[in-house]
Structures are given as C-alpha cells and as structure tokens.
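Q: Sharing a structure, written as structure tokens. Questions coming.
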Amino acid sequence: MKLRVGIAEEKEYELASLSMVLKDEGYEVSGFANPLDALEHIKDQDVDVLVTDLRMPQMDGMELFRLASESRPSLETIVM
C-alpha cells in the first residue's frame with residue numbers, strides 16, 4: 001500500500017515540484033494551493049502524512065496542523 005501524502009503549499013511551482021518528487025518516490029500525493037481545500041480533503045479522505053508550508057495567506061501551517069489533527073489525531077505532519 002502506498003503512503004498517502006497531502007501537501008499544502010500556496011506557491012504553485014513549489015507544490016508541483018514537491019508533488020513530483022514524492023510521486024517519483026512512490027507516494028500517493030494530493031496537492032493543494034489553498035490550505036482550506038487541504039483541510040477538507042484530510043477530513044474526507046485517508047491521508048497518512050500532511051506536508052504544509054508554515055506561512056500561507058488563508059491559514060498558517062500550524063493552524064492547519066491543529067485543525068487537521070482534530071479530525072485525524074494519528075496524522076503525521078511536517079511543517080516547512
């Protein structure tokens with residue numbers, strides 16, 4: 001089974017680059033430029049790891065981590 005990674009990064013080029021690298025390594029990746037979309041995805045889908053930017057306009061990475069952890073307490077999170 002592939003590890004499922006959700007990425008929240010508002011810069012499209014960084015989101016695309018990180019997604020490509022992780023997919024090439026065999027991960028199942030869902031990328032979101034809007035952290036609110038990432039949060040909805042995490043609530044609705046199985047995600048094993050969240051990779052999020054610390055600074056984003058709609059919500060910072062720590063807030064996304066806190067809210068995502070409420071719905072998925074076992075979610076591993078990397079804040080960049």
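Ligands are numbered from 1 in the order shown, residues from 1 within each chain, and chains are lettered A, B, ... in the order they appear in the structure tokens.
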Going by DSSP on the backbone, which bits of chain A are helix (DSSP H, G or I)? Write them as a JSON list (two decimals) with C-alpha atoms, in the first residue's frame, please.

A:
```json
[["chain", "number", "residue", "atom", "x", "y", "z"],
["A", 12, "GLU", "CA", 2.28, 26.52, -7.41],
["A", 13, "TYR", "CA", 5.85, 25.83, -8.57],
["A", 14, "GLU", "CA", 6.88, 24.53, -5.13],
["A", 15, "LEU", "CA", 3.70, 22.45, -4.87],
["A", 16, "ALA", "CA", 4.33, 20.95, -8.30],
["A", 17, "SER", "CA", 8.00, 20.23, -7.57],
["A", 18, "LEU", "CA", 7.37, 18.60, -4.21],
["A", 19, "SER", "CA", 4.46, 16.58, -5.61],
["A", 20, "MET", "CA", 6.58, 15.33, -8.49],
["A", 21, "VAL", "CA", 9.46, 14.26, -6.24],
["A", 22, "LEU", "CA", 7.17, 12.40, -3.85],
["A", 23, "LYS", "CA", 5.25, 10.71, -6.68],
["A", 24, "ASP", "CA", 8.55, 9.63, -8.25],
["A", 35, "PRO", "CA", -4.98, 25.11, 2.95],
["A", 36, "LEU", "CA", -8.76, 25.13, 3.38],
["A", 37, "ASP", "CA", -9.04, 22.69, 0.46],
["A", 38, "ALA", "CA", -6.34, 20.54, 2.04],
["A", 39, "LEU", "CA", -8.24, 20.50, 5.33],
["A", 40, "GLU", "CA", -11.45, 19.38, 3.62],
["A", 41, "HIS", "CA", -9.55, 16.63, 1.81],
["A", 42, "ILE", "CA", -8.00, 15.42, 5.07],
["A", 43, "LYS", "CA", -11.44, 15.30, 6.70],
["A", 44, "ASP", "CA", -12.92, 13.31, 3.79],
["A", 61, "GLY", "CA", 0.64, 25.76, 8.70],
["A", 62, "MET", "CA", 0.35, 25.45, 12.48],
["A", 63, "GLU", "CA", -3.37, 26.24, 12.35],
["A", 64, "LEU", "CA", -3.83, 23.72, 9.54],
["A", 65, "PHE", "CA", -1.93, 21.14, 11.63],
["A", 66, "ARG", "CA", -4.14, 21.84, 14.66],
["A", 67, "LEU", "CA", -7.41, 21.59, 12.73],
["A", 68, "ALA", "CA", -6.32, 18.53, 10.75],
["A", 69, "SER", "CA", -5.24, 16.79, 13.97],
["A", 70, "GLU", "CA", -8.71, 17.29, 15.43],
["A", 71, "SER", "CA", -10.26, 15.16, 12.69]]
```

Q: List as a list in words the protein and nucleic acid residues near A:Arg55, meaning an atom at most 10 Å away when only C-alpha atoms are counted, but skip any in the same chain fewer than 3 places from it.

A: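 Counting only the stated atoms, we get Glu9, Glu10, Thr52, Gln58, Met59, Asp60, Gly61, Met62, Val79 and Met80 of chain A.
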
Q: When you draw a straight line from atom CA of A:Ile7 to atom CA of A:Val29, how long is it in Å?

A: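 Those two atoms sit 7.4 Å apart.
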
Q: Mind checking which residues fall within 8 Å of A:Glu76, counting only C-alpha atoms, ignoring those fewer than 6 positions away in the same chain, and posting them as a list in words?

A: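 Final neighbour list, sorted by chain and number: Asp48, Val49 and Leu50 of chain A.
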
Q: Among stretch 3-73 of chain A, which ones does DSSP assign to strand (DSSP E or B) (computed from the backbone)? Answer as a list in words.

A: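 Matching residues for strand (DSSP E or B) in stretch 3-73 of chain A are Arg4, Val5, Gly6, Ile7, Ala8, Glu28, Val29, Ser30, Gly31, Phe32, Val49, Leu50, Val51 and Thr52 of chain A.
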
Q: What does the structure give for the distance between atom CA of A:Leu3 and atom CA of A:Leu54, in Å to one decimal?

A: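 Atom CA of A:Leu3 sits 22.3 Å away from atom CA of A:Leu54.
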
Q: Would you mind reading off the distance between atom CA of A:Gly6 and atom CA of A:Asp46, one decimal, in Å?

A: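 Distance between the two atoms: 9.6 Å.
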